[in-house]
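Trainee: I am sharing data-v3.tsv, which consists of TSV, C-alpha atoms:
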```tsv
chain	number	residue	atom	x	y	z
A	1	CYS	CA	-4.68	36.76	28.63
A	2	ILE	CA	-1.12	36.92	27.41
A	3	TYR	CA	1.14	33.88	27.61
A	4	ALA	CA	4.90	33.74	27.44
A	5	ILE	CA	7.04	30.56	27.47
A	6	ILE	CA	10.46	30.58	29.01
A	7	LEU	CA	12.68	27.58	28.13
A	8	ILE	CA	14.68	26.49	31.13
A	9	ALA	CA	17.25	23.67	31.34
A	10	ARG	CA	18.99	22.91	34.60
A	11	ASN	CA	17.30	25.96	36.12
A	12	ILE	CA	19.01	28.32	33.68
A	13	VAL	CA	17.04	30.39	31.22
A	14	ILE	CA	18.49	29.54	27.80
A	15	ASP	CA	15.92	30.69	25.32
A	16	LYS	CA	12.63	32.40	24.80
A	17	LEU	CA	10.06	31.15	22.36
A	18	ILE	CA	8.83	34.07	20.29
A	19	ILE	CA	5.53	33.53	18.50
A	20	ASN	CA	4.80	37.09	17.39
A	21	GLU	CA	6.43	40.51	17.33
A	22	ARG	CA	5.44	41.30	20.88
A	23	GLY	CA	6.89	38.03	22.22
A	24	GLU	CA	3.48	36.65	23.09
A	25	ALA	CA	2.56	32.96	22.84
A	26	GLN	CA	-1.16	33.42	22.80
A	27	GLY	CA	-2.98	30.44	21.21
A	28	LEU	CA	0.15	28.18	21.37
A	29	THR	CA	-0.23	25.24	18.95
A	30	ALA	CA	0.98	21.63	19.09
A	31	ALA	CA	3.24	22.37	16.15
A	32	GLU	CA	5.06	25.01	18.20
A	33	LEU	CA	5.39	22.68	21.18
A	34	ALA	CA	6.84	20.02	18.87
A	35	LYS	CA	9.85	22.28	18.36
A	36	LEU	CA	10.88	21.72	21.96
A	37	GLU	CA	13.66	19.18	22.51
A	38	GLY	CA	13.23	16.15	24.68
A	39	GLY	CA	15.03	15.41	27.89
A	40	LYS	CA	14.64	18.94	29.28
A	41	THR	CA	12.53	20.73	31.87
A	42	TYR	CA	10.41	23.73	30.83
A	43	TYR	CA	8.24	26.34	32.52
A	44	LEU	CA	5.07	27.79	31.14
A	45	LYS	CA	4.51	31.34	32.38
A	46	ALA	CA	0.93	32.51	32.22
A	47	VAL	CA	0.45	36.26	32.56
A	48	VAL	CA	-2.86	38.08	33.02
A	49	GLU	CA	-2.51	41.79	32.29
A	50	ARG	CA	-4.53	44.36	34.24
A	51	LYS	CA	-7.38	45.99	32.35
A	52	SER	CA	-8.16	49.72	32.43
A	53	ALA	CA	-11.65	50.82	33.40
A	54	GLY	CA	-11.44	53.77	30.96
A	55	PHE	CA	-11.16	56.60	33.44
A	56	VAL	CA	-8.66	57.99	35.92
A	57	ASP	CA	-8.54	58.73	39.59
A	58	GLY	CA	-9.53	62.34	40.18
A	59	ASP	CA	-7.06	62.81	42.99
A	60	THR	CA	-4.05	61.15	41.51
A	61	SER	CA	-4.92	61.33	37.84
A	62	LYS	CA	-3.82	57.70	37.49
A	63	PRO	CA	-5.78	55.19	35.44
A	64	ILE	CA	-8.24	53.04	37.28
A	65	TYR	CA	-8.15	49.29	36.52
A	66	ASN	CA	-10.89	46.73	36.86
A	67	TYR	CA	-8.42	44.09	38.18
A	68	THR	CA	-4.77	43.82	38.87
A	69	GLN	CA	-2.11	41.92	36.91
A	70	MET	CA	-1.03	38.40	37.91
A	71	SER	CA	1.27	35.66	36.60
A	72	GLN	CA	1.85	31.94	37.26
A	73	TYR	CA	4.60	29.47	36.32
A	74	VAL	CA	3.83	25.85	35.40
A	75	GLU	CA	6.70	23.37	35.23
A	76	PHE	CA	6.72	20.49	32.71
A	77	HIS	CA	9.24	18.00	31.37
A	78	ILE	CA	9.53	16.55	27.88
A	79	GLN	CA	10.82	12.99	28.11
A	80	ILE	CA	12.94	11.31	25.47
A	81	SER	CA	10.81	8.86	23.48
A	82	ASN	CA	11.66	5.19	23.73
A	83	ASN	CA	12.44	4.11	20.22
A	84	TYR	CA	11.31	0.73	18.92
A	85	TRP	CA	11.23	-1.38	15.76
A	86	THR	CA	8.05	-1.21	13.73
A	87	GLN	CA	9.59	-3.93	11.53
A	88	THR	CA	12.06	-6.28	13.23
A	89	PRO	CA	15.46	-6.42	11.48
A	90	ASN	CA	15.81	-9.57	9.40
A	91	ILE	CA	17.19	-10.97	6.17
A	92	GLU	CA	15.78	-13.71	3.96
A	93	ARG	CA	17.97	-16.82	3.70
A	94	TRP	CA	19.46	-17.88	0.39
A	95	ILE	CA	21.61	-20.63	-1.15
A	96	ALA	CA	25.27	-19.91	-1.84
A	97	GLY	CA	25.80	-18.87	-5.45
A	98	GLU	CA	22.32	-17.44	-5.84
A	99	GLU	CA	21.34	-13.77	-5.64
A	100	PRO	CA	21.61	-12.71	-1.98
A	101	SER	CA	18.88	-11.01	0.01
A	102	ALA	CA	19.03	-7.50	1.46
A	103	PRO	CA	18.57	-6.73	5.18
A	104	THR	CA	15.35	-5.06	6.27
A	105	GLY	CA	14.17	-3.29	9.43
A	106	ILE	CA	12.25	-0.10	10.22
A	107	PRO	CA	12.57	1.93	13.48
A	108	ARG	CA	9.85	4.21	14.83
A	109	TRP	CA	12.26	7.13	14.72
A	110	GLY	CA	15.55	7.59	12.96
A	111	GLU	CA	17.34	5.65	10.25
A	112	ALA	CA	18.73	2.15	10.67
A	113	VAL	CA	22.29	1.15	9.70
A	114	PHE	CA	22.88	-2.54	8.86
A	115	VAL	CA	26.23	-4.31	9.27
A	116	ILE	CA	26.68	-8.03	8.46
A	117	TYR	CA	29.59	-10.13	9.76
A	118	ASP	CA	30.89	-13.55	8.81
A	119	GLU	CA	30.68	-15.40	12.15
A	120	LYS	CA	33.73	-17.57	11.47
A	121	THR	CA	36.10	-14.77	10.50
A	122	ASN	CA	34.23	-11.75	11.95
A	123	GLU	CA	34.83	-10.03	8.60
A	124	ILE	CA	32.38	-7.30	7.59
A	125	ILE	CA	30.68	-8.44	4.39
A	126	PHE	CA	28.00	-5.72	4.30
A	127	ASN	CA	27.62	-2.16	5.64
A	128	SER	CA	24.68	-0.02	4.54
A	129	ASN	CA	26.44	3.14	5.74
A	130	GLU	CA	29.54	2.46	3.67
A	131	ASP	CA	30.31	1.06	0.27
A	132	ILE	CA	30.73	-2.55	1.42
A	133	ASN	CA	28.64	-5.38	-0.06
A	134	LYS	CA	30.18	-8.86	-0.36
A	135	LEU	CA	26.97	-10.84	0.19
A	136	ALA	CA	27.21	-12.44	-3.25
A	137	GLU	CA	30.54	-13.96	-2.16
A	138	ALA	CA	29.23	-15.23	1.18
A	139	LYS	CA	30.14	-18.85	1.88
A	140	PRO	CA	27.74	-21.40	3.36
A	141	GLY	CA	27.50	-21.03	7.10
A	142	TRP	CA	26.34	-18.70	9.86
A	143	ASP	CA	26.45	-14.90	9.58
A	144	ARG	CA	25.40	-12.12	11.94
A	145	ILE	CA	23.40	-9.00	11.12
A	146	GLU	CA	23.53	-5.97	13.43
A	147	ALA	CA	20.97	-3.19	13.00
A	148	MET	CA	21.59	0.12	14.77
A	149	VAL	CA	19.76	3.44	15.16
A	150	GLU	CA	21.61	6.36	16.71
A	151	GLY	CA	19.64	8.19	19.39
A	152	ASN	CA	19.38	11.93	20.01
A	153	ASP	CA	17.68	14.36	22.39
A	154	ASN	CA	14.23	13.25	21.26
A	155	TYR	CA	14.43	9.43	21.07
A	156	THR	CA	16.58	6.60	22.31
A	157	SER	CA	19.01	4.50	20.29
A	158	LEU	CA	18.22	0.99	19.01
A	159	THR	CA	20.34	-2.13	18.48
A	160	SER	CA	19.34	-5.54	17.20
A	161	VAL	CA	21.49	-8.62	16.51
A	162	THR	CA	20.19	-11.55	14.42
A	163	ARG	CA	21.89	-14.71	13.20
A	164	PHE	CA	21.09	-16.19	9.81
A	165	LYS	CA	22.49	-18.92	7.60
A	166	VAL	CA	23.63	-19.10	3.99
A	167	PHE	CA	22.88	-22.63	2.80
A	168	ALA	CA	24.94	-24.97	0.65
A	169	THR	CA	23.49	-26.28	-2.61
A	170	GLU	CA	22.62	-29.71	-1.13
A	171	MET	CA	19.37	-29.94	0.78
A	172	ASN	CA	19.33	-31.64	4.16
A	173	PHE	CA	16.95	-34.54	4.84
A	174	TRP	CA	16.31	-37.44	7.22
A	175	ASN	CA	17.95	-40.72	6.20
A	176	ILE	CA	16.23	-42.34	9.18
A	177	ILE	CA	13.15	-40.56	10.49
A	178	PRO	CA	13.49	-39.93	14.26
A	179	ASN	CA	11.62	-42.39	16.46
A	180	ILE	CA	11.56	-43.72	20.01
A	181	GLN	CA	9.52	-46.55	21.51
A	182	GLY	CA	7.81	-46.15	24.87
A	183	TRP	CA	8.56	-48.48	27.77
A	184	ALA	CA	7.05	-49.76	31.00
A	185	GLU	CA	7.87	-48.33	34.40
A	186	GLY	CA	10.89	-49.99	35.95
A	187	GLN	CA	12.16	-51.33	32.64
A	188	PRO	CA	15.34	-50.04	30.90
A	189	HIS	CA	14.48	-46.90	28.93
A	190	ASN	CA	14.68	-47.00	25.15
A	191	VAL	CA	16.98	-44.78	23.11
A	192	PRO	CA	15.97	-42.77	20.05
A	193	ILE	CA	17.03	-43.61	16.52
A	194	ALA	CA	17.56	-41.01	13.78
A	195	LYS	CA	20.00	-40.11	11.03
A	196	ALA	CA	20.26	-36.91	9.01
A	197	ALA	CA	22.07	-36.40	5.73
A	198	PHE	CA	24.01	-33.51	7.30
A	199	GLY	CA	24.61	-32.30	10.82
A	200	ASN	CA	24.66	-33.60	14.38
A	201	ILE	CA	21.42	-34.60	16.09
A	202	THR	CA	20.41	-33.46	19.56
A	203	TYR	CA	17.42	-34.80	21.50
A	204	SER	CA	15.25	-32.95	24.01
A	205	TYR	CA	12.34	-34.29	26.03
A	206	TYR	CA	9.23	-32.47	27.26
A	207	GLU	CA	5.98	-33.36	28.95
A	208	ARG	CA	3.45	-33.64	26.14
A	209	ALA	CA	0.84	-31.27	27.58
A	210	ASP	CA	3.46	-28.62	28.40
A	211	TYR	CA	4.97	-28.79	24.91
A	212	GLU	CA	1.62	-28.71	23.12
A	213	ASN	CA	0.57	-25.63	25.13
A	214	ASN	CA	3.86	-23.70	25.22
A	215	GLY	CA	5.97	-24.98	22.32
A	216	ALA	CA	9.53	-23.67	22.44
A	217	TYR	CA	8.85	-22.17	25.90
A	218	ALA	CA	8.07	-25.57	27.45
A	219	LYS	CA	10.32	-26.82	30.26
A	220	LYS	CA	12.96	-29.27	29.07
A	221	LEU	CA	13.34	-32.45	31.14
A	222	SER	CA	16.69	-32.95	32.85
A	223	GLY	CA	16.42	-36.67	33.69
A	224	VAL	CA	14.98	-39.94	32.40
A	225	PRO	CA	11.19	-39.63	31.85
A	226	THR	CA	8.93	-41.31	34.42
A	227	VAL	CA	5.33	-42.49	33.99
A	228	ALA	CA	3.56	-39.94	31.74
A	229	ASP	CA	3.07	-38.86	28.12
A	230	TYR	CA	6.00	-37.10	26.45
A	231	VAL	CA	7.37	-35.67	23.22
A	232	MET	CA	10.92	-36.00	21.95
A	233	VAL	CA	12.26	-33.17	19.79
A	234	ALA	CA	15.10	-34.18	17.48
A	235	ILE	CA	17.10	-31.40	15.81
A	236	ALA	CA	19.80	-31.98	13.19
A	237	GLU	CA	22.05	-28.90	13.06
A	238	SER	CA	24.56	-28.19	10.31
A	239	ASP	CA	26.62	-25.07	9.73
A	240	GLU	CA	26.16	-25.26	5.98
A	241	HIS	CA	22.75	-26.90	5.59
A	242	GLU	CA	19.19	-26.36	6.66
A	243	ASP	CA	18.37	-27.55	10.17
A	244	LEU	CA	15.87	-30.38	10.52
A	245	THR	CA	13.37	-30.76	13.34
A	246	ALA	CA	11.10	-33.69	14.21
A	247	VAL	CA	8.67	-34.12	17.10
A	248	VAL	CA	7.87	-37.68	18.26
A	249	LYS	CA	5.24	-38.66	20.83
A	250	PHE	CA	5.83	-41.54	23.25
A	251	SER	CA	4.75	-42.71	26.70
A	252	VAL	CA	6.17	-44.39	29.80
A	253	TYR	CA	3.54	-46.86	31.01
A	254	LYS	CA	2.72	-47.87	34.55
A	255	THR	CA	3.38	-51.59	35.18
A	256	ALA	CA	0.15	-53.57	35.81
A	257	ALA	CA	-0.03	-55.16	39.30
A	258	PHE	CA	-0.29	-59.02	39.51
A	259	SER	CA	-3.25	-59.23	41.90
A	260	GLU	CA	-4.50	-62.18	43.98
A	261	THR	CA	-7.62	-62.35	41.82
A	262	THR	CA	-5.48	-62.70	38.70
A	263	TYR	CA	-3.47	-65.48	40.36
A	264	ILE	CA	-6.61	-67.44	41.33
A	265	ALA	CA	-8.01	-67.06	37.81
A	266	LEU	CA	-4.81	-68.42	36.28
A	267	VAL	CA	-4.75	-71.42	38.66
A	268	ALA	CA	-8.39	-72.19	37.86
A	269	THR	CA	-7.70	-71.98	34.14
A	270	PHE	CA	-4.74	-74.36	34.33
A	271	GLY	CA	-6.80	-76.76	36.47
A	272	ALA	CA	-9.61	-76.80	33.93
A	273	ILE	CA	-7.15	-77.52	31.13
A	274	ILE	CA	-5.66	-80.47	33.06
A	275	ALA	CA	-9.15	-81.89	33.84
A	276	LEU	CA	-10.17	-81.60	30.21
A	277	GLY	CA	-7.05	-83.42	29.12
A	278	ALA	CA	-7.73	-86.27	31.56
A	279	ALA	CA	-11.34	-86.61	30.37
A	280	LEU	CA	-10.23	-86.79	26.75
A	281	ALA	CA	-7.69	-89.47	27.61
A	282	VAL	CA	-10.32	-91.64	29.35
A	283	ALA	CA	-12.74	-91.24	26.44
A	284	TYR	CA	-10.02	-92.24	24.03
A	285	ILE	CA	-9.31	-95.45	26.01
A	286	ILE	CA	-12.99	-96.45	26.05
A	287	VAL	CA	-13.34	-95.91	22.30
A	288	GLN	CA	-10.27	-97.94	21.57
A	289	LYS	CA	-11.44	-100.86	23.74
A	290	LYS	CA	-14.82	-100.96	21.99
A	291	LYS	CA	-13.15	-101.16	18.58
A	292	MET	CA	-10.76	-104.00	19.46
A	293	PRO	CA	-13.18	-107.04	19.15
A	294	LYS	CA	-14.35	-105.97	15.69
A	295	LEU	CA	-10.82	-105.45	14.47
A	296	ALA	CA	-9.63	-108.79	15.87
A	297	ALA	CA	-12.51	-110.71	14.18
A	298	ALA	CA	-11.84	-108.99	10.85
A	299	ASN	CA	-8.20	-109.98	10.89
A	300	GLY	CA	-8.40	-113.45	12.48
A	301	ASP	CA	-6.24	-112.20	15.21
A	302	ASP	CA	-6.29	-113.14	18.93
A	303	ILE	CA	-5.04	-109.79	20.19
A	304	ALA	CA	-8.48	-108.46	21.04
A	305	ASP	CA	-9.37	-111.64	22.99
A	306	ASP	CA	-6.17	-111.37	25.00
A	307	ILE	CA	-6.91	-107.76	25.90
A	308	ALA	CA	-10.56	-108.53	26.71
A	309	ASP	CA	-9.49	-111.28	29.13
A	310	ASP	CA	-7.39	-108.73	30.97
A	311	GLU	CA	-10.11	-106.04	31.27
A	312	ASP	CA	-10.49	-106.68	34.99
A	313	GLU	CA	-6.79	-106.51	35.62
A	314	GLU	CA	-5.11	-103.33	36.70
A	315	ILE	CA	-2.36	-102.07	34.44
A	316	ASP	CA	0.04	-99.40	35.44
A	317	GLU	CA	0.70	-96.25	33.46
A	318	GLU	CA	3.66	-97.64	31.55
A	319	GLU	CA	1.74	-100.77	30.37
A	320	PHE	CA	-1.23	-98.57	29.30
A	321	GLU	CA	0.94	-96.31	27.22
A	322	SER	CA	2.51	-99.35	25.57
A	323	VAL	CA	-0.87	-100.85	24.63
A	324	VAL	CA	-2.18	-97.59	23.22
A	325	TYR	CA	0.98	-97.08	21.19
A	326	GLU	CA	0.69	-100.63	19.79
A	327	GLN	CA	-2.95	-100.19	18.89
A	328	ASN	CA	-2.30	-96.91	17.13
A	329	ASN	CA	0.40	-98.43	14.97
A	330	THR	CA	-1.11	-101.87	14.38
A	331	PHE	CA	-4.75	-101.08	13.73
A	332	GLU	CA	-4.80	-97.57	12.42
A	333	GLU	CA	-5.31	-98.53	8.79
A	334	ALA	CA	-8.10	-101.05	9.46
A	335	THR	CA	-9.93	-98.61	11.73
A	336	VAL	CA	-9.97	-95.84	9.13
A	337	SER	CA	-11.15	-98.24	6.44
A	338	GLU	CA	-14.02	-99.41	8.60
A	339	VAL	CA	-15.16	-95.90	9.49
A	340	ASP	CA	-15.06	-94.73	5.90
A	341	SER	CA	-17.24	-97.65	4.88
A	342	GLU	CA	-19.81	-97.00	7.56
A	343	ILE	CA	-20.14	-93.31	6.75
A	344	TYR	CA	-19.97	-93.10	2.97
A	345	ASP	CA	-21.23	-96.57	1.80
A	346	ASP	CA	-24.65	-98.11	2.51
A	347	THR	CA	-23.35	-101.52	1.47
A	348	PRO	CA	-22.10	-103.71	4.35
A	349	ALA	CA	-18.34	-103.69	4.58
A	350	LEU	CA	-16.54	-106.68	3.06
A	351	GLU	CA	-14.48	-108.57	5.56
A	352	PRO	CA	-10.87	-109.12	4.45
A	353	THR	CA	-9.48	-112.60	4.70
A	354	SER	CA	-6.04	-111.49	5.63
A	355	ILE	CA	-3.87	-108.48	6.35
A	356	ASP	CA	-0.45	-108.20	4.81
```
Kindly return the structure encoded in the file as structure tokens.

Mentor:
Amino acid sequence: CIYAIILIARNIVIDKLIINERGEAQGLTAAELAKLEGGKTYYLKAVVERKSAGFVDGDTSKPIYNYTQMSQYVEFHIQISNNYWTQTPNIERWIAGEEPSAPTGIPRWGEAVFVIYDEKTNEIIFNSNEDINKLAEAKPGWDRIEAMVEGNDNYTSLTSVTRFKVFATEMNFWNIIPNIQGWAEGQPHNVPIAKAAFGNITYSYYERADYENNGAYAKKLSGVPTVADYVMVAIAESDEHEDLTAVVKFSVYKTAAFSETTYIALVATFGAIIALGAALAVAYIIVQKKKMPKLAAANGDDIADDIADDEDEEIDEEEFESVVYEQNNTFEEATVSEVDSEIYDDTPALEPTSID
């Protein structure tokens, strides 16, 4: 078999690949195919030559062949390769006044050109394809790095744009760590508190489960949070300083219902407290009445006799309060003295002859 390749673009024969002196492409290798340019259509022509049987026709004296010649075209297209970054273009951050970093980035095919702009002035401060390098003079703030790869017939072009920041000498920090308190449903919502040394603070809210599962791809809430668990993300952004980020968890609680059972329980509790207070008051009156005769005899006083004579009489609430108040003030000292003697001294108490 003898093979010949005809290179065809736009249906016009433009070249012929010659592998040997006879123009044959027998045993075509991958290395030879690699010479073909992308983005074009090609035809592979396969030719099978006729083979002589080794003798001739007696009548015509022409050679006799075992089989006749044949050929076949096969069309194929070499596509342009889609280029891509094997190492994403980037540049390490640095602090103004220190040695600057160099941009990096590696394409699959071709050579990358890096150009860096000052975002405020749009001035070119670095160009790897020209003799421009002012990175050491870069001021604190945002810059932009553009990485480009020029395409050709075999692969596509590439472009990448990345923002980065040159930092000032002062480090940023939280003066007040971001925080927010949760609240109950139906109550006024709380506001976050935070303060950074540099930069303005923005707050974003996310459902806690969504944020924990998806991070920066979580859906940001557009309104005031309702009953659920949430996270608040506070970001302090400064053109000349490092950005700060804090994530705070909080919840909006469902208000507990005041049920009929709870109401009955509270009424019963208050009733028990009132009954207990009344019982204590009655016990106190009985104790005081029992102590009065002893106190009156010890002091030679007729007060106890007067009260005893009136035991069967009804006294209204105002008179009762007056008597109790008088007893507490008049006999308090004698009562304590008597009790102390009975508890701590086995000797019978001495009876005073008078009370000053």

Trainee: Could you tell me how far CA of Trp183 in chain A lies from CA of Glu212 in chain A, in Å and to one decimal?

Mentor: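 Separation of CA of Trp183 in chain A and CA of Glu212 in chain A: 21.5 Å.
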
Trainee: Which distance in Å separates CA of Ala196 in chain A and CA of Gly182 in chain A, to one decimal?

Mentor: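 Atom-to-atom, CA of Ala196 in chain A to CA of Gly182 in chain A, that is 22.2 Å.
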
Trainee: Out of A:Thr169, A:Asn175, A:Thr226, A:Thr156, which residue has the shortest atom-to-atom distance to His189 in chain A when counting all atoms listed in the file?

Mentor: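 The shortest atom-to-atom distance to His189 in chain A comes from A:Thr226.
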
Trainee: CA of Asp243 in chain A and CA of Trp85 in chain A are how many Å apart?

Mentor: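 Between CA of Asp243 in chain A and CA of Trp85 in chain A the gap works out to 27.7 Å.
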
Trainee: Using only C-alpha atoms, can you tell me which of A:Leu36, A:Ile64, A:Ala112, A:Ile95 comes closest to Glu137 in chain A?

Mentor: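 With only C-alpha atoms as the atom set, the closest residue is A:Ile95.
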
Trainee: Which residues, written as a VMD selection string, have at least one atom at most 7 Å from Asn90 in chain A, with all atoms listed in the file counted and residues fewer than 3 positions away on the same chain left out?

Mentor: chain A and resid 103 to 105 162
